[in-house]
Amino acid sequence: MKFFVDTADVDAIAELNDLGMVDGVTTNPSLILKSGRDILEVTKEICDLLQGPVSAEVVATDADEMISEGRKLAEIAPNIAVKVPLTWAGLKTCKTLTDAGTMVNVTLCFSANQALIAAKAGATFISPFIGRLDDINLDGMELIADIRAIYDNYDFNTQILAASIRSANHMKDAALIGADVATAPPAVIKAMANHVLTDKGLAQFLSDWEKTGQKIL
Ligand code: E4P
């Protein structure tokens with residue numbers, strides 16, 4: 001499973017990228033707001049850091065304007081994936097940009113039918129939002145499993161990009177189901193390394209080592 005980082009925080013991306021943890025990046029208007037940065041500038045900086053896909057989201061709601069925004073975003077770098085919402089205008093934009101050779105990430109997907117129609121429109125990535133479904137007492141992971149089954153039934157090339165990931169368990173479950181990619185905030189990716197028994201075991205080893213009076217260096 002590829003790891004994308006869901007942030008526009010350049011330092012956080014760079015830190016994880018140095019460890020080989022970053023196969024791509026996803027941003028959205030809320031994350032751009034949080035960064036306090038200009039979308040074109042920060043997206044360019046992120047694209048220069050890595051070779052993998054960097055999702056940058058359009059904000060227009062009609063297809064013509066969305067296509068123009070998408071073209072402008074795609075000019076930032078060759079590794080841009082234009083992010084479009086799963087609306088009819090978004091699907092039109094997806095088809096136009098995909099036909100022109102631009103990667104497209106269709107976002108705000110909450111149903112298997114939406115994922116199916118995005119694949120028909122040629123989406124490079126489909127982004128089902130796990131956490132936001134869980135928030136309203138639906139099962140986000142069940143949606144990932146449904147999409148996996150449908151895409152496998154018909155050999156669609158669209159990659160399942162599990163999004164709105166809120167916990168390390170979400171990462172494990174997405175990997176078990178076979179999501180192609182999971183995008184998560186830096187803190188969630190780091191949390192994957194944590195285990196209470198690792199901390200306990202290390203504390204014991206260090207305490208015993210202290211008692212030996214030895215040094216390695
Ligand atoms: C995905 O591309 C989105 O940017 C993101 O995963 C949304 O996550 P949230 O529901 O935690 O805001």
# chains A, B, ... in the order shown; residues from 1 in each chain; ligands from 1
call {"tool": "residues_around", "arguments": {"residues": "A:Ala89", "least_positions_apart": "3", "cutoff": "7 Å", "atoms": "only C-alpha atoms", "output": "PyMOL selection string"}}
result
chain A and resi 61-63+92-93
call {"tool": "residues_around", "arguments": {"residues": "stretch 167-179 of chain A", "least_positions_apart": "6", "cutoff": "12 Å", "atoms": "only C-alpha atoms", "output": "MDAnalysis selection string"}}
result
chainID A and resid 1:4 125:131 134 139:149 151:152 158:161 185:195
call {"tool": "residues_near_ligand", "arguments": {"ligand": "ligand 1", "cutoff": "7 Å", "atoms": "only C-alpha atoms and all ligand atoms", "output": "ChimeraX atom specification"}}
result
/A:6,26-28,107,127,129,131-132,163-166,183-184
call {"tool": "write_last_selection", "arguments": {"atoms": "N, CA, C and O atoms", "output": "PDB file, in the first residue's frame"}}
result
ATOM      1  N   ASP A   6      -1.392  13.540   4.089  1.00  0.00           N
ATOM      2  CA  ASP A   6      -2.535  14.429   3.927  1.00  0.00           C
ATOM      3  C   ASP A   6      -2.256  15.730   4.662  1.00  0.00           C
ATOM      4  O   ASP A   6      -2.720  15.936   5.793  1.00  0.00           O
ATOM      5  N   THR A  26      -1.526  14.572  -0.435  1.00  0.00           N
ATOM      6  CA  THR A  26      -2.851  15.104  -0.766  1.00  0.00           C
ATOM      7  C   THR A  26      -3.057  16.400   0.014  1.00  0.00           C
ATOM      8  O   THR A  26      -2.679  16.501   1.174  1.00  0.00           O
ATOM      9  N   THR A  27      -3.643  17.373  -0.664  1.00  0.00           N
ATOM     10  CA  THR A  27      -4.032  18.614   0.011  1.00  0.00           C
ATOM     11  C   THR A  27      -5.499  18.869  -0.303  1.00  0.00           C
ATOM     12  O   THR A  27      -6.085  18.182  -1.157  1.00  0.00           O
ATOM     13  N   ASN A  28      -6.079  19.806   0.378  1.00  0.00           N
ATOM     14  CA  ASN A  28      -7.450  20.248   0.076  1.00  0.00           C
ATOM     15  C   ASN A  28      -7.556  21.697   0.554  1.00  0.00           C
ATOM     16  O   ASN A  28      -6.632  22.203   1.212  1.00  0.00           O
ATOM     17  N   THR A 107     -12.462  13.266  -5.458  1.00  0.00           N
ATOM     18  CA  THR A 107     -12.526  13.296  -3.997  1.00  0.00           C
ATOM     19  C   THR A 107     -13.969  13.411  -3.490  1.00  0.00           C
ATOM     20  O   THR A 107     -14.905  13.541  -4.276  1.00  0.00           O
ATOM     21  N   SER A 127     -11.080   8.848  -4.052  1.00  0.00           N
ATOM     22  CA  SER A 127     -10.842   9.071  -2.617  1.00  0.00           C
ATOM     23  C   SER A 127     -12.107   8.883  -1.786  1.00  0.00           C
ATOM     24  O   SER A 127     -12.879   9.828  -1.568  1.00  0.00           O
ATOM     25  N   PHE A 129     -13.926   8.666   1.691  1.00  0.00           N
ATOM     26  CA  PHE A 129     -13.617   9.294   2.978  1.00  0.00           C
ATOM     27  C   PHE A 129     -14.090   8.394   4.129  1.00  0.00           C
ATOM     28  O   PHE A 129     -15.268   8.429   4.515  1.00  0.00           O
ATOM     29  N   GLY A 131     -13.194   8.311   7.537  1.00  0.00           N
ATOM     30  CA  GLY A 131     -13.500   8.926   8.835  1.00  0.00           C
ATOM     31  C   GLY A 131     -14.830   9.657   8.844  1.00  0.00           C
ATOM     32  O   GLY A 131     -15.586   9.580   9.815  1.00  0.00           O
ATOM     33  N   ARG A 132     -15.120  10.346   7.739  1.00  0.00           N
ATOM     34  CA  ARG A 132     -16.370  11.131   7.724  1.00  0.00           C
ATOM     35  C   ARG A 132     -17.584  10.224   7.663  1.00  0.00           C
ATOM     36  O   ARG A 132     -18.671  10.616   8.124  1.00  0.00           O
ATOM     37  N   ALA A 163      -9.085   7.744   2.155  1.00  0.00           N
ATOM     38  CA  ALA A 163      -8.859   9.099   2.682  1.00  0.00           C
ATOM     39  C   ALA A 163      -9.661   9.311   3.964  1.00  0.00           C
ATOM     40  O   ALA A 163     -10.402   8.429   4.385  1.00  0.00           O
ATOM     41  N   SER A 164      -9.464  10.489   4.547  1.00  0.00           N
ATOM     42  CA  SER A 164     -10.113  10.806   5.819  1.00  0.00           C
ATOM     43  C   SER A 164      -9.786   9.718   6.841  1.00  0.00           C
ATOM     44  O   SER A 164     -10.652   9.214   7.545  1.00  0.00           O
ATOM     45  N   ILE A 165      -8.502   9.410   6.883  1.00  0.00           N
ATOM     46  CA  ILE A 165      -8.010   8.384   7.814  1.00  0.00           C
ATOM     47  C   ILE A 165      -7.683   9.052   9.132  1.00  0.00           C
ATOM     48  O   ILE A 165      -7.010  10.074   9.157  1.00  0.00           O
ATOM     49  N   ARG A 166      -8.190   8.477  10.210  1.00  0.00           N
ATOM     50  CA  ARG A 166      -8.058   9.150  11.509  1.00  0.00           C
ATOM     51  C   ARG A 166      -7.191   8.387  12.499  1.00  0.00           C
ATOM     52  O   ARG A 166      -6.886   8.914  13.556  1.00  0.00           O
ATOM     53  N   THR A 183      -4.107   7.871   2.454  1.00  0.00           N
ATOM     54  CA  THR A 183      -3.567   9.188   2.783  1.00  0.00           C
ATOM     55  C   THR A 183      -3.946   9.535   4.207  1.00  0.00           C
ATOM     56  O   THR A 183      -5.113   9.408   4.595  1.00  0.00           O
ATOM     57  N   ALA A 184      -2.942   9.935   4.976  1.00  0.00           N
ATOM     58  CA  ALA A 184      -3.181  10.187   6.397  1.00  0.00           C
ATOM     59  C   ALA A 184      -2.353  11.377   6.859  1.00  0.00           C
ATOM     60  O   ALA A 184      -1.283  11.652   6.301  1.00  0.00           O
TER      61      ALA A 184
END
call {"tool": "residues_around", "arguments": {"residues": "A:Leu40", "least_positions_apart": "3", "cutoff": "8 Å", "atoms": "only C-alpha atoms", "output": "ChimeraX atom specification"}}
result
/A:43-44,73,76
call {"tool": "atom_distance", "arguments": {"atom1": "atom CA of A:Gly122", "atom2": "atom CA of A:Cys94"}}
result
6.9 Å
call {"tool": "residues_around", "arguments": {"residues": "stretch 83-85 of chain A", "least_positions_apart": "6", "cutoff": "7 Å", "atoms": "only C-alpha atoms", "output": "list in words"}}
result
Ser55, Ala56, Glu57, Val58, Val104, Asn105, Val106, Thr107 and Leu108 of chain A
call {"tool": "write_last_selection", "arguments": {"atoms": "C-alpha atoms", "output": "short mmCIF file (atom, residue, chain, number, x, y, z; two decimals), in the first residue's frame"}}
result
data_model
loop_
_atom_site.label_atom_id
_atom_site.label_comp_id
_atom_site.auth_asym_id
_atom_site.auth_seq_id
_atom_site.Cartn_x
_atom_site.Cartn_y
_atom_site.Cartn_z
CA SER A 55 -3.07 16.34 -5.21
CA ALA A 56 -4.16 19.97 -5.52
CA GLU A 57 -7.89 20.68 -5.40
CA VAL A 58 -10.02 22.89 -7.66
CA VAL A 104 -7.04 13.23 -11.57
CA ASN A 105 -8.02 12.43 -7.99
CA VAL A 106 -11.82 12.35 -7.58
CA THR A 107 -12.53 13.30 -4.00
CA LEU A 108 -15.43 13.40 -1.52
#
call {"tool": "atom_distance", "arguments": {"atom1": "atom CA of A:Met21", "atom2": "atom CA of A:Phe205"}}
result
28.1 Å
call {"tool": "atom_distance", "arguments": {"atom1": "atom CA of A:Gly52", "atom2": "atom CA of A:Thr7"}}
result
14.4 Å
call {"tool": "closest_residue", "arguments": {"among": "A:Leu138, A:Leu86, A:Val42, A:Leu49", "to": "A:Asp23", "atoms": "only C-alpha atoms"}}
result
A:Leu49
call {"tool": "select_by_dssp", "arguments": {"residues": "stretch 103-204 of chain A", "states": "helix (DSSP H, G or I)", "output": "PyMOL selection string"}}
result
chain A and resi 112-120+130-135+140-154+168-177+186-191+196-204
call {"tool": "select_by_dssp", "arguments": {"residues": "stretch 46-161 of chain A", "states": "strand (DSSP E)", "output": "PyMOL selection string"}}
result
chain A and resi 54-57+80-85+103-109+125-128+159-161
call {"tool": "write_last_selection", "arguments": {"atoms": "N, CA and C atoms", "output": "mmCIF file, in the first residue's frame"}}
result
data_model
loop_
_atom_site.group_PDB
_atom_site.id
_atom_site.type_symbol
_atom_site.label_atom_id
_atom_site.label_comp_id
_atom_site.auth_asym_id
_atom_site.auth_seq_id
_atom_site.Cartn_x
_atom_site.Cartn_y
_atom_site.Cartn_z
ATOM 1 N N VAL A 54 1.061 14.661 -6.279
ATOM 2 C CA VAL A 54 0.678 15.671 -5.288
ATOM 3 C C VAL A 54 -0.695 16.194 -5.696
ATOM 4 N N SER A 55 -1.702 15.921 -4.876
ATOM 5 C CA SER A 55 -3.067 16.343 -5.208
ATOM 6 C C SER A 55 -3.297 17.791 -4.817
ATOM 7 N N ALA A 56 -3.794 18.577 -5.774
ATOM 8 C CA ALA A 56 -4.165 19.974 -5.524
ATOM 9 C C ALA A 56 -5.599 20.134 -6.006
ATOM 10 N N GLU A 57 -6.440 20.723 -5.148
ATOM 11 C CA GLU A 57 -7.888 20.679 -5.404
ATOM 12 C C GLU A 57 -8.427 21.952 -6.057
ATOM 13 N N ILE A 80 1.588 16.720 -10.506
ATOM 14 C CA ILE A 80 0.300 17.172 -9.953
ATOM 15 C C ILE A 80 -0.814 16.192 -10.322
ATOM 16 N N ALA A 81 -1.632 15.857 -9.328
ATOM 17 C CA ALA A 81 -2.900 15.177 -9.595
ATOM 18 C C ALA A 81 -3.988 16.200 -9.262
ATOM 19 N N VAL A 82 -4.775 16.566 -10.244
ATOM 20 C CA VAL A 82 -5.821 17.560 -9.997
ATOM 21 C C VAL A 82 -6.953 16.873 -9.234
ATOM 22 N N LYS A 83 -7.330 17.512 -8.114
ATOM 23 C CA LYS A 83 -8.372 16.913 -7.270
ATOM 24 C C LYS A 83 -9.697 17.592 -7.596
ATOM 25 N N VAL A 84 -10.702 16.792 -7.928
ATOM 26 C CA VAL A 84 -12.026 17.344 -8.261
ATOM 27 C C VAL A 84 -13.076 16.667 -7.388
ATOM 28 N N PRO A 85 -14.133 17.394 -7.028
ATOM 29 C CA PRO A 85 -15.171 16.782 -6.205
ATOM 30 C C PRO A 85 -16.032 15.822 -7.020
ATOM 31 N N MET A 103 -3.142 13.538 -14.310
ATOM 32 C CA MET A 103 -3.692 12.659 -13.262
ATOM 33 C C MET A 103 -4.844 13.382 -12.563
ATOM 34 N N VAL A 104 -5.902 12.632 -12.264
ATOM 35 C CA VAL A 104 -7.042 13.234 -11.569
ATOM 36 C C VAL A 104 -7.408 12.375 -10.350
ATOM 37 N N ASN A 105 -7.589 13.063 -9.226
ATOM 38 C CA ASN A 105 -8.023 12.428 -7.988
ATOM 39 C C ASN A 105 -9.464 12.892 -7.735
ATOM 40 N N VAL A 106 -10.425 11.975 -7.818
ATOM 41 C CA VAL A 106 -11.823 12.347 -7.577
ATOM 42 C C VAL A 106 -12.106 12.156 -6.084
ATOM 43 N N THR A 107 -12.462 13.266 -5.458
ATOM 44 C CA THR A 107 -12.526 13.296 -3.997
ATOM 45 C C THR A 107 -13.969 13.411 -3.490
ATOM 46 N N LEU A 108 -14.120 13.324 -2.173
ATOM 47 C CA LEU A 108 -15.434 13.396 -1.523
ATOM 48 C C LEU A 108 -16.332 12.268 -2.029
ATOM 49 N N CYS A 109 -15.782 11.057 -2.050
ATOM 50 C CA CYS A 109 -16.548 9.870 -2.461
ATOM 51 C C CYS A 109 -17.105 9.193 -1.206
ATOM 52 N N PHE A 125 -7.264 8.332 -9.377
ATOM 53 C CA PHE A 125 -7.497 7.959 -7.977
ATOM 54 C C PHE A 125 -8.955 8.233 -7.622
ATOM 55 N N ILE A 126 -9.506 7.382 -6.770
ATOM 56 C CA ILE A 126 -10.805 7.677 -6.156
ATOM 57 C C ILE A 126 -10.556 7.786 -4.646
ATOM 58 N N SER A 127 -11.080 8.848 -4.052
ATOM 59 C CA SER A 127 -10.842 9.071 -2.617
ATOM 60 C C SER A 127 -12.107 8.883 -1.786
ATOM 61 N N PRO A 128 -12.352 7.662 -1.300
ATOM 62 C CA PRO A 128 -13.459 7.439 -0.353
ATOM 63 C C PRO A 128 -13.034 7.935 1.023
ATOM 64 N N GLN A 159 -7.073 3.870 -8.985
ATOM 65 C CA GLN A 159 -6.517 3.429 -7.696
ATOM 66 C C GLN A 159 -7.382 3.894 -6.534
ATOM 67 N N ILE A 160 -7.614 2.992 -5.605
ATOM 68 C CA ILE A 160 -8.397 3.340 -4.410
ATOM 69 C C ILE A 160 -7.478 4.029 -3.407
ATOM 70 N N LEU A 161 -7.809 5.290 -3.133
ATOM 71 C CA LEU A 161 -7.006 6.123 -2.238
ATOM 72 C C LEU A 161 -7.832 6.335 -0.962
#
call {"tool": "closest_residue", "arguments": {"among": "A:Leu133, A:Ala162, A:Ile46, A:Leu197", "to": "A:Ile13", "atoms": "only C-alpha atoms"}}
result
A:Ile46
